[in-house]
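Undergrad: As input, take start36.cif (mmCIF, C-alpha atoms):
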```
data_target
#
loop_
_atom_site.label_atom_id
_atom_site.label_comp_id
_atom_site.auth_asym_id
_atom_site.auth_seq_id
_atom_site.Cartn_x
_atom_site.Cartn_y
_atom_site.Cartn_z
CA MET A 22 26.08 16.80 7.70
CA ARG A 23 26.15 13.57 5.73
CA MET A 24 23.13 13.31 3.51
CA ASN A 25 21.63 10.07 2.31
CA PRO A 26 24.74 7.89 2.50
CA THR A 27 22.93 5.07 0.66
CA ASN A 28 23.45 6.99 -2.58
CA VAL A 29 27.21 6.37 -2.44
CA PHE A 30 28.09 3.70 -5.00
CA GLU A 31 29.43 0.51 -3.49
CA VAL A 32 30.20 -2.94 -4.83
CA THR A 33 30.09 -5.99 -2.58
CA GLN A 34 31.19 -9.46 -3.72
CA LEU A 35 29.80 -12.68 -2.36
CA GLU A 36 31.49 -15.96 -3.27
CA THR A 37 29.08 -18.90 -3.35
CA ASP A 38 29.55 -22.59 -4.20
CA THR A 39 28.58 -21.97 -7.80
CA GLY A 40 30.00 -18.54 -8.53
CA THR A 41 30.15 -14.87 -7.64
CA ILE A 42 27.26 -12.57 -6.79
CA VAL A 43 28.08 -8.86 -7.08
CA TYR A 44 25.77 -6.52 -5.15
CA LEU A 45 25.55 -2.98 -6.54
CA GLN A 46 24.46 -0.26 -4.18
CA GLY A 47 23.78 3.47 -4.67
CA GLN A 48 24.28 5.58 -7.77
CA LEU A 49 26.31 4.26 -10.70
CA ASP A 50 27.09 7.21 -12.97
CA LEU A 51 30.01 8.55 -15.02
CA SER A 52 32.02 9.30 -11.87
CA MET A 53 31.86 5.68 -10.67
CA SER A 54 32.01 3.81 -13.97
CA PRO A 55 35.84 3.42 -14.06
CA TYR A 56 35.72 1.84 -10.60
CA PHE A 57 32.83 -0.45 -11.57
CA ARG A 58 34.67 -1.54 -14.73
CA SER A 59 37.88 -2.26 -12.82
CA VAL A 60 36.02 -4.47 -10.32
CA MET A 61 33.94 -6.34 -12.90
CA GLU A 62 36.37 -7.11 -15.72
CA PRO A 63 38.53 -9.61 -13.79
CA LEU A 64 35.36 -11.33 -12.54
CA ALA A 65 33.84 -11.51 -16.00
CA ALA A 66 37.05 -13.10 -17.34
CA GLN A 67 36.62 -16.13 -15.05
CA GLN A 68 34.67 -18.22 -17.53
CA ASP A 69 34.28 -21.28 -15.30
CA LYS A 70 32.45 -19.30 -12.61
CA LYS A 71 28.86 -18.16 -12.73
CA LEU A 72 28.58 -14.36 -12.49
CA THR A 73 25.47 -12.66 -11.13
CA LEU A 74 24.72 -8.97 -10.65
CA ASN A 75 22.30 -8.20 -7.84
CA LEU A 76 20.62 -4.84 -8.54
CA ARG A 77 18.28 -4.66 -5.54
CA ASP A 78 19.96 -1.61 -3.98
CA LEU A 79 21.03 0.12 -7.19
CA LYS A 80 19.44 3.57 -6.93
CA TYR A 81 20.53 5.05 -10.22
CA ILE A 82 22.29 3.96 -13.41
CA ASP A 83 23.16 5.93 -16.54
CA SER A 84 24.34 5.03 -20.04
CA THR A 85 27.95 4.64 -18.92
CA GLY A 86 26.94 2.04 -16.31
CA ILE A 87 24.72 0.28 -18.83
CA GLY A 88 27.58 0.47 -21.35
CA ILE A 89 29.82 -1.44 -18.94
CA ILE A 90 27.13 -4.10 -18.44
CA ILE A 91 26.97 -4.43 -22.25
CA SER A 92 30.74 -4.88 -22.49
CA LEU A 93 30.62 -7.51 -19.70
CA LEU A 94 27.82 -9.28 -21.52
CA LYS A 95 29.83 -9.37 -24.75
CA LEU A 96 32.93 -10.60 -22.93
CA ARG A 97 30.94 -13.38 -21.24
CA ASN A 98 29.37 -14.28 -24.57
CA GLU A 99 32.80 -14.59 -26.21
CA LEU A 100 33.84 -16.91 -23.39
CA GLY A 101 30.81 -19.08 -24.10
CA THR A 102 29.03 -18.19 -20.89
CA THR A 103 26.54 -15.58 -19.74
CA LEU A 104 25.77 -12.85 -17.23
CA PHE A 105 22.97 -13.26 -14.73
CA VAL A 106 21.04 -10.46 -13.06
CA GLU A 107 18.68 -10.68 -10.14
CA GLU A 108 16.36 -8.43 -8.15
CA ILE A 109 16.14 -5.60 -10.65
CA SER A 110 14.10 -2.73 -9.16
CA PRO A 111 11.07 -1.53 -11.18
CA LYS A 112 12.84 1.78 -11.87
CA THR A 113 15.92 0.07 -13.33
CA GLN A 114 13.77 -2.50 -15.15
CA ARG A 115 11.85 0.28 -16.87
CA LEU A 116 15.10 1.81 -18.13
CA PHE A 117 16.48 -1.58 -19.24
CA ASP A 118 13.25 -2.33 -21.13
CA MET A 119 13.35 1.03 -22.87
CA ILE A 120 16.95 0.52 -23.99
CA GLY A 121 16.35 -3.08 -24.97
CA ILE A 122 19.01 -4.74 -22.82
CA THR A 123 16.57 -6.89 -20.81
CA GLU A 124 16.36 -9.63 -23.43
CA PHE A 125 20.14 -10.18 -23.23
CA LEU A 126 20.37 -10.53 -19.46
CA ARG A 127 19.64 -13.91 -17.94
CA HIS A 128 17.43 -13.66 -14.91
CA GLU A 129 18.39 -15.73 -11.93
CA GLU A 130 14.83 -17.06 -11.66
CA ASP A 131 15.01 -18.38 -15.26
CA SER A 132 17.92 -20.67 -14.46
CA ARG A 133 16.11 -22.11 -11.46
CA VAL A 134 13.13 -22.96 -13.65
CA GLU A 135 15.44 -24.69 -16.13
CA GLN A 136 17.16 -26.69 -13.41
CA THR A 137 13.88 -27.99 -12.07
CA GLY A 138 12.64 -28.87 -15.51
CA GLY A 139 10.18 -25.99 -15.82
CA THR A 140 6.49 -26.10 -15.10
CA ALA A 141 3.92 -28.51 -16.43
CA MET B 17 5.48 26.74 -4.63
CA ILE B 18 7.87 27.86 -7.28
CA ALA B 19 7.73 31.21 -9.06
CA HIS B 20 7.63 31.07 -12.85
CA ASN B 21 9.76 33.28 -15.08
CA LYS B 22 12.44 33.12 -12.41
CA PRO B 23 14.99 30.65 -13.72
CA VAL B 24 17.37 28.87 -11.38
CA ARG B 25 20.94 29.06 -12.67
CA MET B 26 23.97 27.10 -11.63
CA THR B 27 27.49 26.60 -12.92
CA ILE B 28 29.28 23.35 -12.16
CA PRO B 29 32.83 22.23 -12.92
CA ALA B 30 32.76 19.96 -15.98
CA HIS B 31 33.65 16.90 -13.94
CA ALA B 32 31.71 13.72 -13.34
CA ASP B 33 31.74 14.27 -9.57
CA TYR B 34 29.37 17.25 -9.92
CA ILE B 35 26.61 15.68 -12.04
CA ASP B 36 24.95 14.47 -8.86
CA VAL B 37 24.61 18.11 -7.76
CA VAL B 38 22.56 18.83 -10.90
CA ARG B 39 20.36 15.76 -10.21
CA LEU B 40 19.73 16.90 -6.64
CA SER B 41 18.77 20.42 -7.79
CA LEU B 42 16.51 18.99 -10.48
CA TYR B 43 14.84 16.78 -7.91
CA GLY B 44 14.17 19.78 -5.66
CA ILE B 45 12.67 21.91 -8.43
CA ALA B 46 10.64 19.16 -10.14
CA THR B 47 9.18 17.95 -6.83
CA ARG B 48 7.93 21.44 -6.02
CA MET B 49 6.37 21.70 -9.49
CA GLY B 50 4.38 18.54 -8.85
CA TYR B 51 6.01 16.12 -11.30
CA SER B 52 5.42 12.40 -10.75
CA PHE B 53 8.15 10.17 -9.38
CA GLU B 54 8.64 8.58 -12.80
CA ASP B 55 8.82 11.89 -14.65
CA ILE B 56 11.47 13.06 -12.18
CA GLU B 57 13.46 9.86 -12.67
CA ASP B 58 13.24 10.32 -16.45
CA MET B 59 14.50 13.89 -16.21
CA LYS B 60 17.33 12.91 -13.86
CA VAL B 61 18.62 10.36 -16.36
CA ALA B 62 18.22 12.69 -19.38
CA VAL B 63 19.94 15.64 -17.71
CA SER B 64 22.80 13.44 -16.52
CA GLU B 65 23.26 12.11 -20.05
CA ALA B 66 23.48 15.67 -21.39
CA CYS B 67 26.15 16.47 -18.77
CA ASN B 68 28.00 13.22 -19.59
CA ASN B 69 28.16 14.30 -23.23
CA VAL B 70 29.67 17.64 -22.30
CA ILE B 71 32.32 16.08 -20.08
CA VAL B 72 33.24 13.24 -22.44
CA HIS B 73 32.86 14.91 -25.85
CA ALA B 74 32.90 18.70 -25.59
CA TYR B 75 35.66 19.09 -23.04
CA LYS B 76 37.32 15.68 -23.37
CA GLY B 77 38.41 15.64 -19.75
CA HIS B 78 39.75 19.22 -19.48
CA ASP B 79 39.43 19.94 -15.79
CA ASP B 80 39.29 23.74 -15.89
CA ALA B 81 36.01 23.83 -17.81
CA TYR B 82 32.47 24.57 -16.62
CA ILE B 83 28.88 23.69 -17.51
CA ASP B 84 26.05 26.22 -17.17
CA VAL B 85 22.74 24.70 -16.16
CA VAL B 86 19.50 26.71 -16.20
CA PHE B 87 16.15 25.41 -14.93
CA GLN B 88 13.30 27.30 -16.61
CA THR B 89 9.87 26.72 -15.13
CA SER B 90 6.44 27.52 -16.50
CA PRO B 91 2.98 26.36 -15.46
CA GLN B 92 3.11 23.78 -18.29
CA ALA B 93 6.67 22.54 -18.36
CA LEU B 94 10.18 22.37 -16.99
CA SER B 95 13.04 23.03 -19.39
CA ILE B 96 16.61 22.32 -18.42
CA ARG B 97 19.30 24.04 -20.48
CA ILE B 98 22.77 22.49 -20.40
CA LYS B 99 25.37 24.73 -22.01
CA ASP B 100 29.05 24.16 -22.64
CA PHE B 101 31.71 26.26 -24.34
CA GLY B 102 33.75 23.36 -25.63
CA GLU B 103 34.31 21.70 -28.96
CA SER B 104 31.21 21.49 -31.06
CA PHE B 105 29.75 18.02 -31.02
CA ASP B 106 27.73 16.81 -34.01
CA PHE B 107 24.66 16.10 -31.96
CA LYS B 108 22.32 15.84 -34.93
CA ARG B 109 24.36 13.11 -36.59
CA ALA B 110 24.72 11.24 -33.30
CA ALA B 111 20.98 11.52 -32.64
CA GLU B 112 20.16 10.11 -36.06
CA ARG B 113 22.38 7.10 -35.39
CA ALA B 114 21.23 6.60 -31.81
CA GLU B 115 19.07 3.53 -31.38
CA SER B 116 17.99 1.01 -28.81
CA LEU B 117 19.30 -2.55 -28.53
CA HIS B 118 16.00 -4.23 -29.37
CA GLY B 119 16.29 -7.08 -31.88
CA LYS B 120 20.09 -7.18 -32.05
CA GLU B 121 22.53 -10.04 -31.52
CA VAL B 122 24.84 -9.93 -28.50
CA THR B 123 27.85 -9.43 -30.77
CA GLU B 124 26.17 -6.39 -32.36
CA LEU B 125 25.52 -4.58 -29.10
CA LYS B 126 27.07 -1.13 -28.80
CA ALA B 127 27.00 1.31 -25.91
CA GLY B 128 27.73 4.36 -28.10
CA GLY B 129 24.69 6.53 -28.71
CA LEU B 130 22.70 5.08 -25.83
CA GLY B 131 22.89 8.33 -23.87
CA ILE B 132 21.39 10.34 -26.71
CA TYR B 133 18.78 7.67 -27.34
CA MET B 134 17.78 7.87 -23.66
CA MET B 135 17.55 11.67 -23.73
CA GLN B 136 15.19 11.52 -26.69
CA ALA B 137 13.09 8.71 -25.28
CA LEU B 138 12.78 10.16 -21.79
CA MET B 139 12.01 13.81 -22.58
CA ASP B 140 9.13 15.37 -24.52
CA GLU B 141 11.39 17.73 -26.41
CA VAL B 142 15.13 17.86 -27.12
CA GLU B 143 16.53 20.98 -28.71
CA VAL B 144 20.18 21.48 -29.60
CA ILE B 145 21.74 24.86 -30.32
CA ASN B 146 25.28 24.96 -31.68
CA GLU B 147 26.63 28.40 -30.95
CA ASN B 148 29.92 29.03 -29.17
CA GLY B 149 29.78 25.48 -27.84
CA THR B 150 26.65 23.41 -27.51
CA GLU B 151 23.42 24.02 -25.64
CA VAL B 152 20.98 21.16 -25.12
CA VAL B 153 17.47 22.12 -24.00
CA LEU B 154 15.47 19.28 -22.44
CA THR B 155 11.75 19.84 -21.84
CA LYS B 156 9.18 17.76 -19.98
CA TRP B 157 5.51 18.76 -20.00
CA LEU B 158 3.82 18.86 -16.65
CA GLY B 159 1.04 16.27 -16.52
CA GLY B 160 2.07 14.95 -19.95
CA SER B 161 2.14 11.37 -18.77
CA LEU B 162 -0.21 10.20 -16.06
CA GLY B 163 1.43 8.96 -12.87
CA GLY B 164 1.80 5.21 -12.67
CA ASN B 165 2.05 4.65 -16.40
CA THR B 166 5.12 2.47 -16.43
CA HIS B 167 5.12 2.30 -20.22
CA ALA B 168 5.30 6.05 -20.68
CA ALA B 169 8.82 5.87 -22.06
CA GLN B 170 8.03 3.29 -24.71
CA SER B 171 4.67 4.64 -25.77
CA ASN B 172 5.69 8.27 -25.81
CA VAL B 173 4.50 9.64 -29.14
CA SER B 174 5.25 13.27 -28.49
CA ILE B 175 9.00 13.03 -28.87
CA LEU B 176 10.12 16.02 -30.83
CA SER B 177 13.68 16.82 -31.64
CA ARG B 178 14.59 20.19 -33.06
CA TYR B 179 18.00 21.11 -34.22
CA SER B 180 19.18 24.54 -35.10
CA SER B 181 22.75 25.44 -35.92
CA GLY B 182 24.24 28.76 -35.04
#
```
Go ahead and express the file in the form of structure tokens.
TA:
Amino acid sequence: MRMNPTNVFEVTQLETDTGTIVYLQGQLDLSMSPYFRSVMEPLAAQQDKKLTLNLRDLKYIDSTGIGIIISLLKLRNELGTTLFVEEISPKTQRLFDMIGITEFLRHEEDSRVEQTGGTA
Amino acid sequence: MIAHNKPVRMTIPAHADYIDVVRLSLYGIATRMGYSFEDIEDMKVAVSEACNNVIVHAYKGHDDAYIDVVFQTSPQALSIRIKDFGESFDFKRAAERAESLHGKEVTELKAGGLGIYMMQALMDEVEVINENGTEVVLTKWLGGSLGGNTHAAQSNVSILSRYSSG
């Protein structure tokens, strides 16, 4: 019997006109962190492309997964660019807020506001 | 219902692929005890971090090692004991250095210590016993935080860490 296949960690890339959106799905823990790192590092190194993590279907993340996001953030920062995140679930948001990483991640919605000149 | 004073014991290979088995067992026990969704999520993260520490620090990737996990239930609390027989890890020192990322610059960000910080922030009590390896005891009070309080982790004032060395 296969139980709850949505918990299997999967990474899906979507190339758009402006950059790459990476959809994370399932549980990202110590067992999947080497795979996640190997997928993300080459993408993060492309400084001329916008990089966005979509966390809508991320069911679980631990300190090793968050540690990789931190290293990606630092790499992007060194390259003079940033890392965007979008659709963070309340569960993940709560963990990010507790750790203090939220303030370093650019939300996709923020950039849209900037592009349209913000609100009056 | 779940009977008290009847601990559930399991032994898993000290390998990352088995941490999910501990999370699933924890979910089953904590749900029956009546913990809120958020409390269960907190415990899942904390217990996984304790297992991560064993695999990464105590056994350093040895693949013939095991972790003993005991779930102790009482009417007031669930305690999860995570015991290894590996190299002693200076948990106390690591816990003292563990901190969140609030107020730092991007260049100052470090992932080290986050797991221990999360364990302390997410549980009501963290006890570490260094004796023939390391045993971490994580306790969450039942009904300690009201369901729906999304700020429970930040506003938790009952964090207590006890350290005893063998």
Undergrad: Env of segment 95-100 of chain B: 9 Å cut, atoms = only C-alpha atoms, seq-sep filter 2 positions within chain, self excluded. Answer as a ChimeraX atom specification.
TA: /B:30,42,59,63,66-67,70,74-75,81-90,93,102-103,141,148-157
Undergrad: Within 10 Å of chain A, which residues belong to chain B? Use all atoms listed in the file and report them as a VMD selection string.
TA: chain B and resid 31 to 36 53 to 54 57 to 58 60 to 62 64 to 65 67 to 68 71 to 72 115 to 134 137 to 138 166 to 171
Undergrad: Point out the residue among B:Gln92, B:Asn21, B:Ser104, B:Thr47 with the least atom-to-atom distance to His73 of chain B, counting all atoms listed in the file.
TA: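 The closest residue to His73 of chain B is B:Ser104.
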Undergrad: Report the distance between atom CA of Val32 of chain A and atom CA of Leu72 of chain A in Å, rounded to one decimal place.
TA: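 Separating atom CA of Val32 of chain A from atom CA of Leu72 of chain A is a distance of 13.8 Å.
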Undergrad: Closest to Asn69 of chain B among B:Phe105, B:Ala19, B:Asp55, B:Arg113, using all atoms listed in the file?
TA: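 For Asn69 of chain B, the nearest of the given residues is B:Phe105.
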Undergrad: Hey, what's within 12 Å of Leu35 of chain A if we count only C-alpha atoms and toss same-chain stuff fewer than 5 positions away? As a PyMOL selection string, please?
TA: chain A and resi 40-45+64+71-75
